[in-house]
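Student: Please find data_24.cif (mmCIF, C-alpha atoms) on the next line:
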data_final
loop_
_atom_site.label_atom_id
_atom_site.label_comp_id
_atom_site.auth_asym_id
_atom_site.auth_seq_id
_atom_site.Cartn_x
_atom_site.Cartn_y
_atom_site.Cartn_z
CA ALA A 28 19.22 -38.16 17.78
CA ALA A 29 19.08 -35.33 15.29
CA ARG A 30 18.25 -32.00 16.84
CA ARG A 31 15.05 -30.39 15.71
CA ARG A 32 15.25 -26.94 14.27
CA PRO A 33 13.22 -24.38 16.17
CA PRO A 34 10.12 -23.17 14.31
CA ALA A 35 10.76 -20.25 12.02
CA VAL A 36 9.67 -16.90 13.43
CA ALA A 37 7.87 -14.73 10.92
CA SER A 38 9.19 -11.25 10.40
CA ALA A 39 7.12 -8.25 11.44
CA ALA A 40 6.24 -7.66 7.79
CA ALA A 41 5.13 -11.27 7.37
CA ARG A 42 2.78 -10.99 10.33
CA ARG A 43 0.92 -8.03 8.89
CA VAL A 44 -2.27 -8.25 6.87
CA CYS A 45 -0.73 -6.06 4.20
CA TYR A 46 0.07 -8.10 1.12
CA VAL A 47 -1.06 -7.31 -2.40
CA ALA A 48 -0.10 -8.86 -5.70
CA ALA A 49 1.24 -6.64 -8.48
CA MET A 50 -1.74 -5.20 -10.32
CA LEU A 51 -2.98 -2.24 -12.32
CA VAL A 52 -5.87 -0.47 -10.61
CA ASP A 53 -8.14 1.78 -12.66
CA PHE A 54 -9.10 4.99 -10.83
CA SER A 55 -10.83 6.70 -13.76
CA SER A 56 -14.21 6.33 -12.05
CA TRP A 57 -13.01 8.08 -8.91
CA GLY A 58 -13.76 11.72 -8.28
CA HIS A 59 -11.01 14.08 -9.39
CA LEU A 60 -11.59 17.66 -8.24
CA ALA A 61 -9.39 20.40 -9.69
CA VAL A 62 -8.70 23.27 -7.31
CA THR A 63 -7.33 26.33 -9.08
CA GLY A 64 -6.64 29.95 -8.15
CA GLY A 65 -3.86 31.87 -6.49
CA ASP A 66 -4.77 30.75 -2.96
CA ARG A 67 -5.14 27.03 -3.76
CA LEU A 68 -2.11 25.80 -1.77
CA ARG A 69 -2.77 27.94 1.30
CA PHE A 70 -6.48 27.12 1.18
CA LEU A 71 -6.00 23.33 1.05
CA HIS A 72 -3.21 23.52 3.62
CA GLY A 73 -5.65 25.10 6.06
CA LEU A 74 -8.53 22.79 5.22
CA THR A 75 -6.94 19.34 5.12
CA THR A 76 -4.65 17.38 7.44
CA ILE A 77 -2.03 17.35 4.65
CA ASN A 78 1.07 19.56 4.76
CA VAL A 79 0.22 20.88 1.30
CA THR A 80 2.77 23.69 1.21
CA ALA A 81 5.58 21.14 1.68
CA LEU A 82 4.58 19.11 -1.39
CA PRO A 83 6.60 19.69 -4.58
CA ILE A 84 5.08 19.86 -8.05
CA GLY A 85 4.11 16.27 -8.80
CA GLY A 86 3.94 15.44 -5.11
CA HIS A 87 0.99 13.58 -3.63
CA ALA A 88 -0.28 12.70 -0.18
CA TRP A 89 -3.22 11.11 1.65
CA GLY A 90 -5.16 12.89 4.34
CA SER A 91 -8.62 14.01 5.33
CA ILE A 92 -10.96 16.94 5.70
CA LEU A 93 -12.21 17.19 9.27
CA SER A 94 -15.09 18.79 11.08
CA PRO A 95 -14.22 21.47 13.66
CA LYS A 96 -14.50 18.67 16.25
CA GLY A 97 -11.83 16.64 14.45
CA ARG A 98 -14.08 14.01 12.88
CA VAL A 99 -13.40 12.70 9.37
CA LEU A 100 -15.76 14.21 6.76
CA ALA A 101 -13.80 13.06 3.71
CA VAL A 102 -10.74 10.92 2.98
CA VAL A 103 -8.71 12.57 0.21
CA GLU A 104 -5.53 12.17 -1.76
CA LEU A 105 -3.95 15.29 -3.25
CA THR A 106 -1.73 15.63 -6.31
CA VAL A 107 0.02 18.97 -6.77
CA GLU A 108 0.38 20.18 -10.37
CA ALA A 109 1.85 23.42 -11.68
CA GLU A 110 -1.46 25.24 -12.12
CA ARG A 111 -3.85 23.24 -9.97
CA VAL A 112 -4.18 20.77 -7.12
CA LEU A 113 -6.16 17.62 -7.79
CA VAL A 114 -8.27 16.28 -4.94
CA HIS A 115 -9.00 12.57 -5.43
CA VAL A 116 -11.95 10.97 -3.62
CA GLU A 117 -14.17 7.92 -3.85
CA PRO A 118 -17.14 8.44 -6.21
CA ALA A 119 -19.63 8.78 -3.35
CA LEU A 120 -17.56 11.60 -1.83
CA VAL A 121 -17.52 13.87 -4.90
CA ASP A 122 -20.55 16.00 -4.01
CA PRO A 123 -19.88 16.15 -0.23
CA THR A 124 -16.24 17.13 -0.84
CA LEU A 125 -17.15 19.79 -3.41
CA ALA A 126 -19.63 21.16 -0.89
CA LEU A 127 -16.90 21.35 1.77
CA LEU A 128 -14.49 23.07 -0.62
CA ASP A 129 -17.15 25.62 -1.54
CA LYS A 130 -18.20 26.13 2.09
CA TYR A 131 -14.73 27.10 3.27
CA ALA A 132 -13.69 29.12 0.19
CA VAL A 133 -15.29 32.31 1.43
CA MET A 134 -12.59 34.93 0.88
CA ASP A 135 -10.08 32.76 -0.98
CA ASP A 136 -9.07 32.94 -4.62
CA VAL A 137 -9.96 29.32 -5.39
CA VAL A 138 -12.32 27.50 -7.73
CA SER A 139 -13.13 23.79 -7.34
CA THR A 140 -14.41 21.77 -10.29
CA ALA A 141 -14.97 18.07 -10.91
CA VAL A 142 -12.94 16.88 -13.91
CA THR A 143 -12.83 13.64 -15.87
CA LEU A 144 -9.41 11.97 -15.99
CA ALA A 145 -7.96 8.70 -17.21
CA ALA A 146 -6.07 7.56 -14.11
CA HIS A 147 -4.54 4.39 -12.76
CA LYS A 148 -2.06 3.15 -10.19
CA ARG A 149 0.30 0.21 -10.06
CA TRP A 150 0.18 -1.72 -6.81
CA ALA A 151 3.23 -3.97 -6.56
CA SER A 152 3.29 -4.17 -2.76
CA ALA A 153 1.14 -3.45 0.25
CA ALA A 154 2.78 -0.06 0.69
CA ASP A 155 1.83 0.87 -2.87
CA ALA A 156 -1.86 0.78 -2.00
CA TRP A 157 -1.17 3.90 0.09
CA ARG A 158 2.01 5.27 -1.48
CA ALA A 159 1.78 4.74 -5.26
CA PRO A 160 1.15 7.95 -7.23
CA PHE A 161 -1.56 8.38 -9.82
CA VAL A 162 -0.59 7.91 -13.44
CA PHE A 163 -2.83 10.15 -15.52
CA ALA A 164 -3.13 7.98 -18.61
CA PRO A 165 -5.15 4.95 -19.70
CA PRO A 166 -3.86 1.75 -18.05
CA PRO A 167 -1.18 0.09 -20.22
CA GLY A 168 -2.74 -3.35 -19.81
CA PRO A 169 -5.60 -5.28 -18.21
CA CYS A 170 -6.67 -3.93 -14.85
CA ALA A 171 -7.53 -5.91 -11.76
CA THR A 172 -11.18 -6.86 -11.32
CA ALA A 173 -13.33 -5.25 -8.65
CA ALA A 174 -13.09 -8.45 -6.59
CA GLU A 175 -9.28 -8.49 -6.85
CA VAL A 176 -9.07 -4.84 -5.87
CA GLU A 177 -11.31 -5.44 -2.86
CA ILE A 178 -9.07 -8.27 -1.64
CA ALA A 179 -5.98 -6.10 -2.07
CA ARG A 180 -7.72 -3.18 -0.36
CA VAL A 181 -8.50 -5.21 2.76
CA GLU A 182 -5.03 -6.76 2.77
CA ALA A 183 -3.51 -3.28 2.71
CA GLY A 184 -5.96 -1.68 5.13
CA LEU A 185 -6.99 0.91 2.55
CA LEU A 186 -10.05 2.73 3.87
CA ARG A 187 -13.47 2.97 2.31
CA TYR A 188 -15.50 5.90 3.52
CA GLY A 189 -18.82 4.89 5.05
CA VAL A 190 -17.43 1.37 5.58
CA ASP A 191 -14.21 1.54 7.60
CA VAL A 192 -14.33 5.23 8.50
CA ASP A 193 -17.10 7.81 8.74
CA ASP A 194 -17.96 11.13 10.35
CA GLY A 195 -17.86 9.53 13.79
CA CYS A 196 -14.15 8.74 13.49
CA PHE A 197 -11.01 10.67 14.29
CA PRO A 198 -8.19 10.31 11.73
CA PHE A 199 -5.80 8.86 14.33
CA GLU A 200 -8.20 5.94 14.82
CA THR A 201 -7.43 4.76 11.28
CA PRO A 202 -4.38 4.19 9.05
CA LEU A 203 -4.63 7.91 8.25
CA ALA A 204 -2.64 8.33 11.48
CA GLN A 205 0.55 7.56 9.55
CA PHE A 206 0.02 10.72 7.47
CA LEU A 207 -0.81 13.16 10.26
CA ASP A 208 1.77 15.93 10.45
CA TYR A 209 1.78 17.30 13.99
CA GLY A 210 4.24 19.99 12.98
CA LYS A 211 2.16 21.71 10.30
CA GLY A 212 0.20 24.90 10.85
CA CYS A 213 -3.44 25.26 11.79
CA TYR A 214 -6.21 23.50 9.92
CA VAL A 215 -9.87 22.77 10.51
CA GLY A 216 -10.20 20.20 13.32
CA GLN A 217 -6.56 20.43 14.38
CA GLU A 218 -7.12 21.28 18.05
CA PRO A 219 -9.02 18.12 19.11
CA VAL A 220 -6.66 15.93 17.07
CA PHE A 221 -3.61 17.47 18.74
CA ARG A 222 -5.19 17.31 22.19
CA VAL A 223 -5.94 13.59 21.99
CA HIS A 224 -2.48 12.92 20.53
CA ALA A 225 -0.80 14.82 23.37
CA GLN A 226 -2.87 13.13 26.06
CA GLY A 227 -2.76 9.64 24.55
CA GLN A 228 -6.47 9.15 25.10
CA SER A 229 -7.50 7.38 21.89
CA GLN A 230 -10.03 4.72 22.79
CA ARG A 231 -10.12 2.67 19.58
CA THR A 232 -8.32 2.03 16.32
CA LEU A 233 -8.74 0.12 13.08
CA ARG A 234 -6.79 -3.13 12.97
CA GLY A 235 -6.52 -6.13 10.70
CA LEU A 236 -7.68 -9.61 11.65
CA ARG A 237 -6.35 -12.97 10.45
CA LEU A 238 -9.10 -15.52 11.02
CA ASP A 239 -8.83 -19.24 11.61
CA GLY A 240 -11.01 -21.54 9.52
CA ASP A 241 -12.52 -21.05 6.10
CA GLY A 242 -14.86 -18.51 4.55
CA ALA A 243 -15.33 -14.80 5.05
CA ILE A 244 -16.59 -13.45 8.35
CA ALA A 245 -19.73 -11.31 8.39
CA VAL A 246 -19.34 -7.54 8.28
CA GLY A 247 -20.64 -6.12 11.54
CA ALA A 248 -19.70 -9.20 13.55
CA THR A 249 -18.69 -8.49 17.15
CA VAL A 250 -15.07 -9.01 18.16
CA VAL A 251 -14.67 -10.66 21.57
CA HIS A 252 -11.47 -10.23 23.61
CA PRO A 253 -10.70 -11.98 26.92
CA ALA A 254 -10.57 -8.56 28.60
CA ARG A 255 -13.68 -7.16 26.91
CA PRO A 256 -16.71 -9.11 25.61
CA LYS A 257 -17.61 -6.40 23.10
CA ALA A 258 -14.19 -5.29 21.95
CA GLY A 259 -15.12 -4.04 18.49
CA ALA A 260 -16.78 -4.82 15.19
CA VAL A 261 -15.77 -6.01 11.74
CA THR A 262 -15.96 -3.28 9.08
CA SER A 263 -14.66 -5.13 5.98
CA ALA A 264 -14.03 -8.81 5.30
CA THR A 265 -12.87 -11.03 2.46
CA VAL A 266 -10.90 -14.17 1.69
CA SER A 267 -7.38 -13.67 0.39
CA PRO A 268 -5.79 -16.35 -1.84
CA ARG A 269 -2.57 -15.87 0.14
CA LEU A 270 -3.80 -15.18 3.65
CA GLY A 271 -7.16 -16.90 3.87
CA PRO A 272 -9.99 -15.12 5.71
CA ILE A 273 -9.04 -11.58 6.69
CA ALA A 274 -10.92 -8.56 7.96
CA LEU A 275 -10.66 -4.99 9.14
CA ALA A 276 -12.16 -4.20 12.51
CA MET A 277 -12.50 -1.15 14.73
CA LEU A 278 -11.16 -2.33 18.10
CA HIS A 279 -11.19 -0.94 21.62
CA ARG A 280 -7.78 -0.16 23.11
CA THR A 281 -7.97 -3.23 25.35
CA ALA A 282 -8.00 -5.44 22.24
CA TRP A 283 -5.87 -3.61 19.69
CA THR A 284 -2.42 -5.02 20.54
CA PRO A 285 -0.97 -6.83 17.50
CA GLY A 286 -0.67 -10.53 18.22
CA ASP A 287 -3.62 -10.64 20.62
CA ARG A 288 -6.05 -13.49 20.08
CA VAL A 289 -9.73 -12.63 19.79
CA GLU A 290 -12.90 -14.38 18.70
CA VAL A 291 -15.34 -13.37 15.97
CA ASP A 292 -18.59 -15.30 15.56
CA GLY A 293 -17.00 -18.21 17.40
CA ARG A 294 -13.87 -18.22 15.22
CA PRO A 295 -10.43 -17.48 16.67
CA ALA A 296 -8.51 -14.63 15.04
CA THR A 297 -5.23 -12.76 15.48
CA VAL A 298 -5.02 -8.98 15.66
CA VAL A 299 -2.52 -7.51 13.18
CA GLU A 300 -1.23 -4.00 12.62
CA LEU A 301 -2.13 -2.07 9.48
#
Could you rewrite the structure in this file as structure tokens?
Tutor:
Amino acid sequence: AARRRPPAVASAAARRVCYVAAMLVDFSSWGHLAVTGGDRLRFLHGLTTINVTALPIGGHAWGSILSPKGRVLAVVELTVEAERVLVHVEPALVDPTLALLDKYAVMDDVVSTAVTLAAHKRWASAADAWRAPFVFAPPPGPCATAAEVEIARVEAGLLRYGVDVDDGCFPFETPLAQFLDYGKGCYVGQEPVFRVHAQGQSQRTLRGLRLDGDGAIAVGATVVHPARPKAGAVTSATVSPRLGPIALAMLHRTAWTPGDRVEVDGRPATVVEL
């Protein structure tokens, strides 16, 4: 009798939630804050989790502004230009972020101003949702719809403030962990972040979920793990044309291992890394 081939084993990349189709994403409606002045690099280096002084002209990086207790007050992306640093934030974070910049610029030679920019990104892979730089020009073609961008955002684990992360979260509990530089100098909120990192005491993290069945799961739904009845909650959810129902969920450490099986509103799901 013919021997059966063993079932194919998906690669680590194939098991992840992170898949996005190539698309142009319009960021013109986002907040773009221009920080100018002779102290701009040192000021932002000491305020954000980003190693700003290591970025070249044209360099960009994701990070956050933290409270003194290490909680996330704003998720930001910076672009370094010759005469200014641009701070990019979601529209709802413009005023709170400007307020934070003004609050900490006490003795510094910096001025922060909201500016209007034509800006877009090209997402050709999951990594591009986090890594692609801004292109400061009108998009060269049709942009993805809001619904398409939302699907790609959840696939890639790209955070929305007030949805997947808020001022009750530490940055290491989210995909922002990949951008934390534990070798950079002091910044606001550094001490509690470093302490938890050194002690390995994080209690929760944001993960992706691949759900069985059809239809989107409800945001806020409780995640049940065999070791913990209330193991977390869904923060974002959608249905991907490629992956089916997917979600982001903040999970307790007992349930965050990629590959673990959990249940959400009676539906089985698999935990995946972001």
Student: Taking the file as shown, what set of residues would the PyMOL selection byres ((chain A and resi 207) around 9) give back, as number ranges by chain?
Tutor: A: 76-78, 90, 198-199, 203-206, 208-210
Student: Can you tell me, as a PyMOL selection string, what residues are no more than 8 Å from Phe70 of chain A when counting all atoms listed in the file, ignoring any on the same chain fewer than 2 positions away?
Tutor: chain A and resi 66-68+72-74+132+135+137
Student: Which of these residues is nearest to Ala151 of chain A, using only C-alpha atoms: A:Val223, A:Leu270, A:Ala282, A:Ala179?
Tutor: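 Under the stated criterion, the closest residue is A:Ala179.
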Student: Starting from the displayed file, determine the output of the PyMOL selection byres ((chain A and resi 265) around 7) and express the residue list as a PyMOL selection string.
Tutor: chain A and resi 178+243+264+266-267+272-274
Student: For the point (-21.0, 14.6, -14.1) in the file's frame, write as a PDB file with C-alpha atoms, keeping the file's coordinate frame all residues with an atom no more than 10 Å away, counting only C-alpha atoms.
Tutor:
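Printed below is part-v3.pdb as written:
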ATOM      1  CA  GLY A  58     -13.760  11.720  -8.280  1.00  0.00           C
ATOM      2  CA  VAL A 121     -17.520  13.870  -4.900  1.00  0.00           C
ATOM      3  CA  ALA A 141     -14.970  18.070 -10.910  1.00  0.00           C
ATOM      4  CA  VAL A 142     -12.940  16.880 -13.910  1.00  0.00           C
ATOM      5  CA  THR A 143     -12.830  13.640 -15.870  1.00  0.00           C
TER       6      THR A 143
END
Student: Could you state the separation of atom CA of Ser152 of chain A and atom CA of Leu100 of chain A in Å, given to one decimal place?
Tutor: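 About the pair atom CA of Ser152 of chain A and atom CA of Leu100 of chain A: they are 28.1 Å apart.
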Student: Centre and edge lengths of an axis-aligned box around all listed atoms of segment 203-213 of chain A, with 8 Å added on each side, are to be given in Å to one decimal, as AutoDock Vina command-line options.
Tutor:
--center_x -0.2 --center_y 16.4 --center_z 10.7 --size_x 24.9 --size_y 33.7 --size_z 22.5
Student: I'd like to see the residues matched by the PyMOL selection byres ((chain A and resi 127) around 10) on this file, and ideally I'd get them as a ChimeraX atom specification.
Tutor: /A:74,92-94,100-101,122-126,128-132
Student: Using only C-alpha atoms, find the one residue out of A:Val62, A:Leu71, A:Glu110, A:Val299 that sits nearest to Ile84 of chain A.
Tutor: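 Looking at the shortest contact to Ile84 of chain A, the residue is A:Glu110.
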